[in-house]
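One structure is given here, and the rest of the page talks about it.
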Amino acid sequence: MQSRAQQYHVVLACFLGWTIDAFDFFIMIFVIGDIAREFGASITTISWAITLTLGLRVIGSLLFGRFADKYGRKPALIANVLIFSALEVASGFAPTLTVFLVLRALYGIARGGEWGVGASLTMDSIPQHWRGIVSGILQSGYSFGYLLAALLYGVGFGALGWRGMFIIAVVPALLVLYIRRVVPESPDWQRQQALARAARRTTFGQSFGEHWRLYVYAILLMAAAATFSHGTQDLYPMFLREQHGLAVHQVSVIAIIYNVGAILGSVSGGSLSQVLGRRRALALAALAGLGLMPFWATASGVVAITATAFAMQFLVQCMFGVMPAHLNEISPPEVRATFPGFTYQFGNMLAAGNATIQAALAGYLGNGYGVALAAVAGVGALVFCVLTLFGVEGKSVVMDGAEQEVPRERPDAAAYDGTASHA
């Protein structure tokens, strides 16, 4: 069992890794219009960069996840941060649109592993009663990265331009020095290695064959979650600029405010799930988001726009704050670095066309971004709620390096058998 100080280091490092990942990704959404103008392309065409990034993350989740299951969570996390940071910087030097799209595709593969590896390292290393709150803290790194991108956009875009905003992403990559120096390896991975030496190692194909219903369920769940979350995020700054005519600094301030809401929501959702259970907390957040959707999409005036954006991202991240714990808990233990990231990113791949669909729909409607965003995100929230209520849960499963696992006949461990425990 790790010391309390070691556990704190793991949580901090994985939080910062997800923060950098999100920071690098969300730089793109603030400058999509500027990139389109430089390359003489439409916003719909440039939105393919987002689609490629999201769609190809599943490849990275599988590659880095299997690497982490075989060689350890820590080296996989270091390699992941270094590679996606290098590709982010390279994007700032892209001479043509084709090169830019290729780099964003490679970047998507590289960043695909971070969430799964970081989440498994964290959940493997902490006590069970920490999981809800730490899940929320870990996931709040996503919103904190978005906030930092909004801040950089507001104060640095004029001096840096869109290329400089990509290039400056090299600075946060210094996180790898901290990871290498003070972060310990996962105790659960070390235990699985000992078990693997005594028995034949489980391959990904064997795991999928044995638990295919669980894999399919988790993938569909994450596709719906990604449709809901990215549907309210990826084109939202464009919606503010193009449909509401807000200035750069106004968009930046609003984005900072709604990301504060997202951070609070992530921690609140994770903490609430420790009391209500994972599925009830997830369904409650999705239902509330669905109810807010019409007001969020039709708000007018800076105050109303900011208030509804704050509330929406609070609810979106209430939902996502549960995910690091939830996906790790329902994962088969022998592929815990692979399963959460693979299902998370495969779901993202299925929802990767969100931005392109929304941009095309908004164009068809004649600058109708509000309706386009709400239509896509609303479908995602509704499907997610249904899947959650009829899904599985493993809230009490042991995964901190202890010798025993939760007995499979217990309802909250039913996920290992691919069966559902219902509310």
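Just so we're on the same page: first chain in the structure tokens is A, next is B, and so on; residues restart at 1 for each chain, and ligands are numbered from 1 in the order they show up.
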
Practice prompt. Find the residues near A:Ile27: any atom within 10 Å, counting only C-alpha atoms, skip ones fewer than 4 places away on the same chain, and give them as a PyMOL selection string.
Written response: chain A and resi 22-23+31-32+88+145-146+148-150+152-153+162+165-166+169

Would you save the residues of that selection, restricted to N, CA and C atoms, as an mmCIF file, in the first residue's frame?
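The resulting file, again36.cif, is shown below:
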```cif
data_model
loop_
_atom_site.group_PDB
_atom_site.id
_atom_site.type_symbol
_atom_site.label_atom_id
_atom_site.label_comp_id
_atom_site.auth_asym_id
_atom_site.auth_seq_id
_atom_site.Cartn_x
_atom_site.Cartn_y
_atom_site.Cartn_z
ATOM 1 N N ALA A 22 -6.391 18.688 -21.922
ATOM 2 C CA ALA A 22 -7.542 19.540 -22.260
ATOM 3 C C ALA A 22 -7.097 20.916 -22.745
ATOM 4 N N PHE A 23 -6.084 21.479 -22.101
ATOM 5 C CA PHE A 23 -5.542 22.781 -22.515
ATOM 6 C C PHE A 23 -5.130 22.738 -23.979
ATOM 7 N N VAL A 31 -9.629 29.170 -31.779
ATOM 8 C CA VAL A 31 -8.995 29.789 -32.947
ATOM 9 C C VAL A 31 -9.451 29.165 -34.260
ATOM 10 N N ILE A 32 -10.517 28.387 -34.224
ATOM 11 C CA ILE A 32 -10.960 27.678 -35.429
ATOM 12 C C ILE A 32 -11.288 28.665 -36.556
ATOM 13 N N GLU A 88 1.319 18.885 -30.612
ATOM 14 C CA GLU A 88 0.609 20.151 -30.445
ATOM 15 C C GLU A 88 1.480 21.308 -30.917
ATOM 16 N N GLY A 145 -8.103 22.818 -17.693
ATOM 17 C CA GLY A 145 -7.362 23.011 -18.935
ATOM 18 C C GLY A 145 -8.109 23.905 -19.906
ATOM 19 N N TYR A 146 -9.428 23.713 -19.997
ATOM 20 C CA TYR A 146 -10.282 24.563 -20.836
ATOM 21 C C TYR A 146 -10.203 26.006 -20.345
ATOM 22 N N LEU A 148 -7.730 27.446 -18.692
ATOM 23 C CA LEU A 148 -6.416 27.990 -19.027
ATOM 24 C C LEU A 148 -6.332 28.368 -20.502
ATOM 25 N N ALA A 149 -6.954 27.545 -21.370
ATOM 26 C CA ALA A 149 -6.977 27.880 -22.798
ATOM 27 C C ALA A 149 -7.766 29.167 -23.035
ATOM 28 N N ALA A 150 -8.882 29.316 -22.305
ATOM 29 C CA ALA A 150 -9.686 30.539 -22.427
ATOM 30 C C ALA A 150 -8.901 31.751 -21.942
ATOM 31 N N LEU A 152 -5.570 32.061 -21.841
ATOM 32 C CA LEU A 152 -4.525 32.344 -22.824
ATOM 33 C C LEU A 152 -5.096 33.055 -24.043
ATOM 34 N N TYR A 153 -6.269 32.617 -24.465
ATOM 35 C CA TYR A 153 -6.927 33.247 -25.614
ATOM 36 C C TYR A 153 -7.233 34.711 -25.331
ATOM 37 N N TRP A 162 -2.834 32.473 -33.627
ATOM 38 C CA TRP A 162 -3.229 31.085 -33.397
ATOM 39 C C TRP A 162 -2.025 30.153 -33.390
ATOM 40 N N MET A 165 -0.251 30.187 -29.991
ATOM 41 C CA MET A 165 -1.008 29.517 -28.938
ATOM 42 C C MET A 165 -0.755 28.016 -28.948
ATOM 43 N N PHE A 166 -0.572 27.434 -30.115
ATOM 44 C CA PHE A 166 -0.207 26.014 -30.187
ATOM 45 C C PHE A 166 1.228 25.803 -29.702
ATOM 46 N N ALA A 169 2.308 25.479 -25.971
ATOM 47 C CA ALA A 169 1.935 24.247 -25.262
ATOM 48 C C ALA A 169 3.143 23.404 -24.868
#
```

Item to complete: Just the residues within 12 Å of A:Leu389, please, counting only C-alpha atoms, with nothing from its chain fewer than 2 positions along; format it as a VMD selection string.
Response: chain A and resid 221 277 to 284 286 to 287 382 to 387 391 to 393 420 to 423

Worksheet item: Counting only C-alpha atoms, which of A:Gly363, A:Cys14, A:Leu56, A:Val376 gets nearest to A:Tyr178?
Response: A:Cys14

Find the residues around A:Ala262 up to 10 Å (only C-alpha atoms counted), leave out those fewer than 2 positions away in its own chain, and share them as a CSV table (one decimal) with N, CA and C atoms, in the first residue's frame.
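See selection_12.csv below for the written result:
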```
chain,number,residue,atom,x,y,z
A,139,GLN,N,-11.2,14.6,-12.9
A,139,GLN,CA,-12.0,15.0,-14.1
A,139,GLN,C,-12.0,16.6,-14.2
A,140,SER,N,-11.9,17.3,-13.1
A,140,SER,CA,-12.0,18.7,-13.2
A,140,SER,C,-10.8,19.3,-13.9
A,141,GLY,N,-9.7,18.5,-14.0
A,141,GLY,CA,-8.5,18.9,-14.8
A,141,GLY,C,-8.9,19.2,-16.2
A,142,TYR,N,-9.9,18.6,-16.7
A,142,TYR,CA,-10.4,18.8,-18.1
A,142,TYR,C,-10.9,20.3,-18.2
A,143,SER,N,-11.7,20.6,-17.2
A,143,SER,CA,-12.3,22.0,-17.2
A,143,SER,C,-11.2,23.0,-16.9
A,144,PHE,N,-10.3,22.7,-16.0
A,144,PHE,CA,-9.2,23.6,-15.7
A,144,PHE,C,-8.4,23.9,-16.9
A,146,TYR,N,-9.4,23.7,-20.0
A,146,TYR,CA,-10.3,24.6,-20.8
A,146,TYR,C,-10.2,26.0,-20.3
A,147,LEU,N,-10.2,26.2,-19.0
A,147,LEU,CA,-10.2,27.5,-18.4
A,147,LEU,C,-8.8,28.2,-18.8
A,256,ILE,N,-14.1,31.4,-19.2
A,256,ILE,CA,-13.5,31.2,-17.9
A,256,ILE,C,-14.6,31.0,-16.8
A,257,ILE,N,-15.6,31.8,-16.9
A,257,ILE,CA,-16.7,31.6,-15.8
A,257,ILE,C,-17.4,30.3,-15.9
A,258,TYR,N,-17.7,29.9,-17.2
A,258,TYR,CA,-18.4,28.6,-17.2
A,258,TYR,C,-17.5,27.4,-16.9
A,259,ASN,N,-16.2,27.6,-17.1
A,259,ASN,CA,-15.3,26.5,-16.7
A,259,ASN,C,-15.1,26.5,-15.2
A,260,VAL,N,-15.2,27.6,-14.5
A,260,VAL,CA,-15.3,27.6,-13.0
A,260,VAL,C,-16.5,26.7,-12.6
A,264,LEU,N,-16.4,23.1,-10.4
A,264,LEU,CA,-17.3,22.9,-9.2
A,264,LEU,C,-18.2,21.7,-9.5
A,265,GLY,N,-18.7,21.6,-10.7
A,265,GLY,CA,-19.6,20.5,-11.0
A,265,GLY,C,-18.9,19.2,-11.0
A,266,SER,N,-17.7,19.1,-11.5
A,266,SER,CA,-16.9,17.9,-11.5
A,266,SER,C,-16.7,17.3,-10.1
A,267,VAL,N,-16.2,18.2,-9.2
A,267,VAL,CA,-16.0,17.8,-7.8
A,267,VAL,C,-17.3,17.5,-7.1
A,268,SER,N,-18.3,18.2,-7.4
A,268,SER,CA,-19.6,18.0,-6.8
A,268,SER,C,-20.2,16.6,-7.2
A,309,ALA,N,-24.6,29.2,-19.3
A,309,ALA,CA,-23.4,28.5,-19.7
A,309,ALA,C,-22.8,27.9,-18.4
A,310,PHE,N,-22.7,28.7,-17.4
A,310,PHE,CA,-22.2,28.3,-16.1
A,310,PHE,C,-22.9,27.0,-15.6
A,311,ALA,N,-24.3,27.1,-15.6
A,311,ALA,CA,-25.1,26.0,-15.1
A,311,ALA,C,-25.0,24.8,-16.0
A,312,MET,N,-24.9,25.0,-17.3
A,312,MET,CA,-24.8,23.8,-18.2
A,312,MET,C,-23.5,23.1,-18.0
A,313,GLN,N,-22.4,23.8,-17.9
A,313,GLN,CA,-21.1,23.1,-17.7
A,313,GLN,C,-20.9,22.6,-16.3
A,314,PHE,N,-21.6,23.1,-15.3
A,314,PHE,CA,-21.7,22.5,-14.0
A,314,PHE,C,-22.3,21.2,-14.1
A,315,LEU,N,-23.4,21.0,-14.8
A,315,LEU,CA,-24.1,19.8,-14.9
A,315,LEU,C,-23.4,18.8,-15.8
A,316,VAL,N,-22.8,19.2,-16.9
A,316,VAL,CA,-22.0,18.4,-17.8
A,316,VAL,C,-20.9,17.7,-17.0
A,317,GLN,N,-20.2,18.5,-16.2
A,317,GLN,CA,-19.0,18.0,-15.5
A,317,GLN,C,-19.5,17.3,-14.2
A,318,CYS,N,-20.7,17.6,-13.7
A,318,CYS,CA,-21.2,16.7,-12.6
A,318,CYS,C,-21.3,15.3,-13.1
A,320,PHE,N,-19.4,14.0,-15.8
A,320,PHE,CA,-18.1,13.5,-16.1
A,320,PHE,C,-17.2,13.3,-14.9
A,321,GLY,N,-17.5,14.0,-13.8
A,321,GLY,CA,-16.8,13.9,-12.6
A,321,GLY,C,-16.8,12.5,-12.0
```

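Between atom CA of A:Val117 and atom CA of A:Phe64 the separation is 7.4 Å.
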
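Coordinates place atom CA of A:Ile109 at a distance of 14.5 Å from atom CA of A:Thr343.
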
Worksheet entry | Contacts of A:Val248 at 10 Å (only C-alpha atoms; same-chain gap of 2+ positions) as a list of chain:residue names | A:Phe30, A:Ala150, A:Tyr153, A:Gly154, A:Val155, A:Phe157, A:Gly158, A:Pro237, A:Leu240, A:Arg241, A:Gly245, A:Leu246, A:Gln250, A:Val251, A:Ser252, A:Val253

Could you save those same residues with C-alpha atoms as a compact mmCIF listing (two decimals), in the first residue's frame?
```txt
# COMPACT_ATOMS: atom_id res chain seq x y z
CA PHE A 30 -10.95 29.23 -29.72
CA ALA A 150 -9.69 30.54 -22.43
CA TYR A 153 -6.93 33.25 -25.61
CA GLY A 154 -8.10 36.34 -23.77
CA VAL A 155 -4.70 37.71 -22.78
CA PHE A 157 -4.06 35.79 -28.65
CA GLY A 158 -3.33 39.32 -29.81
CA PRO A 237 -17.17 29.94 -28.47
CA LEU A 240 -20.89 33.30 -29.05
CA ARG A 241 -18.79 35.05 -31.69
CA GLY A 245 -21.39 38.89 -32.10
CA LEU A 246 -19.39 38.94 -28.86
CA GLN A 250 -16.08 38.71 -23.82
CA VAL A 251 -15.88 35.14 -25.12
CA SER A 252 -12.77 34.57 -23.02
CA VAL A 253 -14.39 35.87 -19.83
```

Item to complete: Using atom CA of A:Val10 and atom CA of A:Val183 as the two end points, give the distance in Å to one decimal.
Response: 5.6 Å

Discussion item. Between A:Gly394, A:Gly17, A:Gly366, A:Gly261, which residue has the minimum interatomic distance to A:Ile330, considering only C-alpha atoms?
Written reply: A:Gly394

Worksheet item: Within 7 Å of stretch 44-50 of chain A, counting only C-alpha atoms, which residues qualify if same-chain residues fewer than 3 places away don't, as number ranges by chain?
Response: A: 32, 36, 41, 53-54, 101, 104, 355-356, 359-360
